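*Asks:* Could you have a look at this structure, given as structure tokens, before my questions?
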Amino acid sequence: MNFQEIRVYAEGCLRDTPPPCSCVCPFSIDIRGLAEQVLNGRYERAFRAYRDAVLFPGIVSKLCAAPCGEVCVRAKIFDGKVDLPAIERGIVERASKTEPVRYAVPRKKERIAVVGGGMSGLACTLRLASKGYALTLYEAAEKVGGRVLGLLGQDVTEADVNRAFRYIDYELRLGEEISLAAFDAVCAENDAVYVATGAGGAAFGLLEGRDDRTSSTLRAGVFLGGSLTGTDPAGSIENGIRAASAAEEYLKTGRGGGLGPLFDKAAVDGRFYDLTYRFETPAAGSAAG
């Protein structure tokens, strides 16, 4: 092959191109890798990969809106979408080792506050506290979990949250609603703040000018996300993860929006629907099914 032929061949290669399902996944999960682990019966490995991506596997596997189904290649050209939520629930149910790993992380000097103990605030808290930041979480109610408590119940929600936070050191202040005046004090006392007060919650005038990609606001070091901005439960968790990354960048560099391009998702490549596949339908009741 000459150089031009090699170039044409390389441009048509899809090897490093994420499949449509991963492109639209809120967490950009490596779905092919996850499916391969399940296919080989490696449920512990699959669980660790899934937990690392979504933080709260028991909750996300039950509540994700599964946008992957809308772009599923199998659904477009064969017999119906792959039921990825069912696979994810199977991973959670079949994994026997689900305890988090305990790491000795040096404490950092920066202080961070999270206002709102729903799933978005919890996700941000978990990510940043696990990296050694001194973190305080404020929740107006007497329990954390927000709207997920009503969707899944207290037992399911608390089991997943308690497991995730088993070895995490942070300060939780329940029954403490933050007023506008108190919010200014919280900002003054902390190096970064994430606001995730839930649908209809206090936005403290931060919605206008918010950067959707990084959750950063016009107020330096202050980030906002979750269902306060209209996200679904899975999207709220992803917002918290995103805000944690942006807040950490701000603490390290003083910039709150520089990570924006890193959050841009890959576009669905339509060439996946033009490839030749050999689909098979597993027999009813078979192990493959």
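Convention: chains lettered A, B, ... in structure tokens order; per-chain residue numbering from 1; ligands numbered from 1 as shown.
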Mind checking which residues fall within 10 Å of Glu280 (chain A), counting only C-alpha atoms, ignoring those fewer than 2 positions away in the same chain, and posting them as a list in words?
*Replies:*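 In the requested format, the answer is Phe78, Asp79, Tyr277, Arg278, Pro282 and Ala283 of chain A.
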*Asks:* Write the residues of the selection above to a file with C-alpha atoms, as a CSV table (one decimal), in the first residue's frame.
*Replies:*
```csv
chain,number,residue,atom,x,y,z
A,78,PHE,CA,-31.7,-6.4,13.4
A,79,ASP,CA,-34.2,-7.5,16.1
A,277,TYR,CA,-22.8,-7.9,11.2
A,278,ARG,CA,-23.6,-11.5,12.0
A,282,PRO,CA,-30.1,-16.7,21.7
A,283,ALA,CA,-32.5,-19.5,22.2
```
*Asks:* Counting only C-alpha atoms, which residues in region 59-123 of chain A sit no more than 12 Å from region 213-225 of chain A? For each one, give the nearest pair of atoms and the distance in Å, sorted by chain then residue number, as JSON lines.
*Replies:*
```
{"residue": "A:Glu110", "atom": "CA", "partner": "A:Gly221", "partner_atom": "CA", "distance": 11.8}
{"residue": "A:Arg111", "atom": "CA", "partner": "A:Gly221", "partner_atom": "CA", "distance": 11.4}
{"residue": "A:Ile112", "atom": "CA", "partner": "A:Gly221", "partner_atom": "CA", "distance": 9.6}
{"residue": "A:Ala113", "atom": "CA", "partner": "A:Val222", "partner_atom": "CA", "distance": 9.6}
{"residue": "A:Val114", "atom": "CA", "partner": "A:Phe223", "partner_atom": "CA", "distance": 9.4}
{"residue": "A:Val115", "atom": "CA", "partner": "A:Leu224", "partner_atom": "CA", "distance": 9.4}
{"residue": "A:Gly116", "atom": "CA", "partner": "A:Gly225", "partner_atom": "CA", "distance": 10.3}
{"residue": "A:Gly118", "atom": "CA", "partner": "A:Gly225", "partner_atom": "CA", "distance": 11.0}
{"residue": "A:Met119", "atom": "CA", "partner": "A:Gly225", "partner_atom": "CA", "distance": 10.8}
{"residue": "A:Ser120", "atom": "CA", "partner": "A:Gly225", "partner_atom": "CA", "distance": 7.3}
{"residue": "A:Gly121", "atom": "CA", "partner": "A:Gly225", "partner_atom": "CA", "distance": 8.6}
{"residue": "A:Leu122", "atom": "CA", "partner": "A:Gly225", "partner_atom": "CA", "distance": 11.9}
{"residue": "A:Ala123", "atom": "CA", "partner": "A:Gly225", "partner_atom": "CA", "distance": 11.2}
```
*Asks:* Just to confirm, what's the straight-line distance from CA of Gly117 (chain A) to CA of Glu139 (chain A) in Å (one decimal)?
*Replies:*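 Going from CA of Gly117 (chain A) over to CA of Glu139 (chain A), I get 4.9 Å.
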*Asks:* Between CA of Asp269 (chain A) and CA of Glu36 (chain A), what is the distance, to one decimal in Å?
*Replies:*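 Distance reported for this atom pair: 21.5 Å.
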*Asks:* Could you tell me how far CA of Ser22 (chain A) sits from CA of Arg271 (chain A), in Å to one decimal place?
*Replies:*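 Computed distance, CA of Arg271 (chain A) to CA of Ser22 (chain A), equals 14.9 Å.
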*Asks:* Set the distance at 12 Å and use only C-alpha atoms: which residues neighbour Val38 (chain A) once local chain neighbours fewer than 2 positions away are removed? I'd like the list as a PDB file with N, CA, C and O atoms, in the first residue's frame.
*Replies:*
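Contents of part05.pdb, freshly written:
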```
ATOM      1  N   ILE A  31     -18.904   0.414  27.057  1.00  0.00           N
ATOM      2  CA  ILE A  31     -19.940  -0.619  27.072  1.00  0.00           C
ATOM      3  C   ILE A  31     -19.456  -1.925  26.446  1.00  0.00           C
ATOM      4  O   ILE A  31     -19.786  -3.015  26.920  1.00  0.00           O
ATOM      5  N   ARG A  32     -18.640  -1.820  25.395  1.00  0.00           N
ATOM      6  CA  ARG A  32     -18.107  -3.046  24.806  1.00  0.00           C
ATOM      7  C   ARG A  32     -17.231  -3.803  25.803  1.00  0.00           C
ATOM      8  O   ARG A  32     -17.300  -5.026  25.913  1.00  0.00           O
ATOM      9  N   GLY A  33     -16.379  -3.058  26.528  1.00  0.00           N
ATOM     10  CA  GLY A  33     -15.520  -3.693  27.525  1.00  0.00           C
ATOM     11  C   GLY A  33     -16.329  -4.306  28.647  1.00  0.00           C
ATOM     12  O   GLY A  33     -16.018  -5.404  29.133  1.00  0.00           O
ATOM     13  N   LEU A  34     -17.386  -3.622  29.063  1.00  0.00           N
ATOM     14  CA  LEU A  34     -18.246  -4.127  30.123  1.00  0.00           C
ATOM     15  C   LEU A  34     -18.946  -5.409  29.675  1.00  0.00           C
ATOM     16  O   LEU A  34     -19.012  -6.392  30.424  1.00  0.00           O
ATOM     17  N   ALA A  35     -19.451  -5.407  28.448  1.00  0.00           N
ATOM     18  CA  ALA A  35     -20.144  -6.586  27.927  1.00  0.00           C
ATOM     19  C   ALA A  35     -19.190  -7.780  27.811  1.00  0.00           C
ATOM     20  O   ALA A  35     -19.581  -8.928  28.065  1.00  0.00           O
ATOM     21  N   GLU A  36     -17.938  -7.508  27.449  1.00  0.00           N
ATOM     22  CA  GLU A  36     -16.959  -8.594  27.327  1.00  0.00           C
ATOM     23  C   GLU A  36     -16.693  -9.242  28.685  1.00  0.00           C
ATOM     24  O   GLU A  36     -16.577 -10.472  28.783  1.00  0.00           O
ATOM     25  N   ASN A  40     -17.652 -13.219  29.756  1.00  0.00           N
ATOM     26  CA  ASN A  40     -16.672 -14.157  30.292  1.00  0.00           C
ATOM     27  C   ASN A  40     -16.890 -14.463  31.774  1.00  0.00           C
ATOM     28  O   ASN A  40     -16.055 -15.109  32.403  1.00  0.00           O
ATOM     29  N   GLY A  41     -18.022 -13.994  32.297  1.00  0.00           N
ATOM     30  CA  GLY A  41     -18.361 -14.304  33.683  1.00  0.00           C
ATOM     31  C   GLY A  41     -17.531 -13.578  34.718  1.00  0.00           C
ATOM     32  O   GLY A  41     -17.503 -13.976  35.887  1.00  0.00           O
ATOM     33  N   ARG A  42     -16.878 -12.493  34.325  1.00  0.00           N
ATOM     34  CA  ARG A  42     -16.024 -11.750  35.267  1.00  0.00           C
ATOM     35  C   ARG A  42     -16.850 -10.625  35.904  1.00  0.00           C
ATOM     36  O   ARG A  42     -16.657  -9.443  35.611  1.00  0.00           O
ATOM     37  N   TYR A  43     -17.744 -10.985  36.770  1.00  0.00           N
ATOM     38  CA  TYR A  43     -18.683 -10.018  37.335  1.00  0.00           C
ATOM     39  C   TYR A  43     -18.013  -9.034  38.287  1.00  0.00           C
ATOM     40  O   TYR A  43     -18.443  -7.877  38.385  1.00  0.00           O
ATOM     41  N   GLU A  44     -16.979  -9.492  39.013  1.00  0.00           N
ATOM     42  CA  GLU A  44     -16.291  -8.570  39.916  1.00  0.00           C
ATOM     43  C   GLU A  44     -15.593  -7.458  39.128  1.00  0.00           C
ATOM     44  O   GLU A  44     -15.666  -6.277  39.496  1.00  0.00           O
ATOM     45  N   ARG A  45     -14.916  -7.822  38.053  1.00  0.00           N
ATOM     46  CA  ARG A  45     -14.250  -6.820  37.219  1.00  0.00           C
ATOM     47  C   ARG A  45     -15.269  -5.883  36.581  1.00  0.00           C
ATOM     48  O   ARG A  45     -15.064  -4.670  36.515  1.00  0.00           O
ATOM     49  N   ALA A  46     -16.351  -6.452  36.121  1.00  0.00           N
ATOM     50  CA  ALA A  46     -17.402  -5.638  35.504  1.00  0.00           C
ATOM     51  C   ALA A  46     -17.986  -4.678  36.534  1.00  0.00           C
ATOM     52  O   ALA A  46     -18.227  -3.504  36.235  1.00  0.00           O
ATOM     53  N   PHE A  47     -18.178  -5.170  37.748  1.00  0.00           N
ATOM     54  CA  PHE A  47     -18.748  -4.313  38.799  1.00  0.00           C
ATOM     55  C   PHE A  47     -17.814  -3.159  39.122  1.00  0.00           C
ATOM     56  O   PHE A  47     -18.252  -2.016  39.263  1.00  0.00           O
ATOM     57  N   ALA A  49     -15.544  -1.736  37.237  1.00  0.00           N
ATOM     58  CA  ALA A  49     -15.530  -0.782  36.129  1.00  0.00           C
ATOM     59  C   ALA A  49     -16.813   0.047  36.116  1.00  0.00           C
ATOM     60  O   ALA A  49     -16.775   1.271  35.904  1.00  0.00           O
ATOM     61  N   TYR A  50     -17.932  -0.607  36.359  1.00  0.00           N
ATOM     62  CA  TYR A  50     -19.217   0.081  36.365  1.00  0.00           C
ATOM     63  C   TYR A  50     -19.304   1.047  37.544  1.00  0.00           C
ATOM     64  O   TYR A  50     -19.720   2.194  37.394  1.00  0.00           O
ATOM     65  N   LEU A  84     -29.265  -2.915  27.985  1.00  0.00           N
ATOM     66  CA  LEU A  84     -28.105  -2.652  28.824  1.00  0.00           C
ATOM     67  C   LEU A  84     -28.463  -2.451  30.299  1.00  0.00           C
ATOM     68  O   LEU A  84     -27.720  -2.918  31.168  1.00  0.00           O
ATOM     69  N   ALA A  86     -30.585  -4.030  31.982  1.00  0.00           N
ATOM     70  CA  ALA A  86     -30.716  -5.373  32.551  1.00  0.00           C
ATOM     71  C   ALA A  86     -29.339  -5.992  32.791  1.00  0.00           C
ATOM     72  O   ALA A  86     -29.111  -6.683  33.792  1.00  0.00           O
ATOM     73  N   ILE A  87     -28.406  -5.748  31.870  1.00  0.00           N
ATOM     74  CA  ILE A  87     -27.041  -6.246  32.043  1.00  0.00           C
ATOM     75  C   ILE A  87     -26.399  -5.589  33.258  1.00  0.00           C
ATOM     76  O   ILE A  87     -25.727  -6.241  34.062  1.00  0.00           O
ATOM     77  N   GLU A  88     -26.608  -4.276  33.402  1.00  0.00           N
ATOM     78  CA  GLU A  88     -26.034  -3.556  34.536  1.00  0.00           C
ATOM     79  C   GLU A  88     -26.613  -4.055  35.856  1.00  0.00           C
ATOM     80  O   GLU A  88     -25.888  -4.233  36.842  1.00  0.00           O
ATOM     81  N   ARG A  89     -27.915  -4.286  35.874  1.00  0.00           N
ATOM     82  CA  ARG A  89     -28.524  -4.827  37.100  1.00  0.00           C
ATOM     83  C   ARG A  89     -27.984  -6.226  37.384  1.00  0.00           C
ATOM     84  O   ARG A  89     -27.772  -6.595  38.551  1.00  0.00           O
ATOM     85  N   GLY A  90     -27.757  -7.010  36.339  1.00  0.00           N
ATOM     86  CA  GLY A  90     -27.187  -8.340  36.517  1.00  0.00           C
ATOM     87  C   GLY A  90     -25.787  -8.278  37.107  1.00  0.00           C
ATOM     88  O   GLY A  90     -25.413  -9.110  37.950  1.00  0.00           O
ATOM     89  N   ILE A  91     -25.004  -7.300  36.680  1.00  0.00           N
ATOM     90  CA  ILE A  91     -23.653  -7.118  37.222  1.00  0.00           C
ATOM     91  C   ILE A  91     -23.730  -6.833  38.720  1.00  0.00           C
ATOM     92  O   ILE A  91     -23.003  -7.421  39.525  1.00  0.00           O
ATOM     93  N   VAL A  92     -24.627  -5.921  39.095  1.00  0.00           N
ATOM     94  CA  VAL A  92     -24.764  -5.542  40.504  1.00  0.00           C
ATOM     95  C   VAL A  92     -25.236  -6.730  41.338  1.00  0.00           C
ATOM     96  O   VAL A  92     -24.754  -6.958  42.454  1.00  0.00           O
ATOM     97  N   ARG A  94     -24.924 -10.025  40.623  1.00  0.00           N
ATOM     98  CA  ARG A  94     -24.081 -11.215  40.600  1.00  0.00           C
ATOM     99  C   ARG A  94     -22.692 -11.009  41.176  1.00  0.00           C
ATOM    100  O   ARG A  94     -22.017 -11.976  41.525  1.00  0.00           O
ATOM    101  N   ALA A  95     -22.235  -9.766  41.267  1.00  0.00           N
ATOM    102  CA  ALA A  95     -20.906  -9.522  41.830  1.00  0.00           C
ATOM    103  C   ALA A  95     -20.916  -9.855  43.315  1.00  0.00           C
ATOM    104  O   ALA A  95     -21.792  -9.412  44.060  1.00  0.00           O
ATOM    105  N   ALA A 288     -26.900 -18.248  27.158  1.00  0.00           N
ATOM    106  CA  ALA A 288     -26.550 -17.051  26.399  1.00  0.00           C
ATOM    107  C   ALA A 288     -27.657 -16.008  26.507  1.00  0.00           C
ATOM    108  O   ALA A 288     -27.393 -14.803  26.564  1.00  0.00           O
TER     109      ALA A 288
END
```
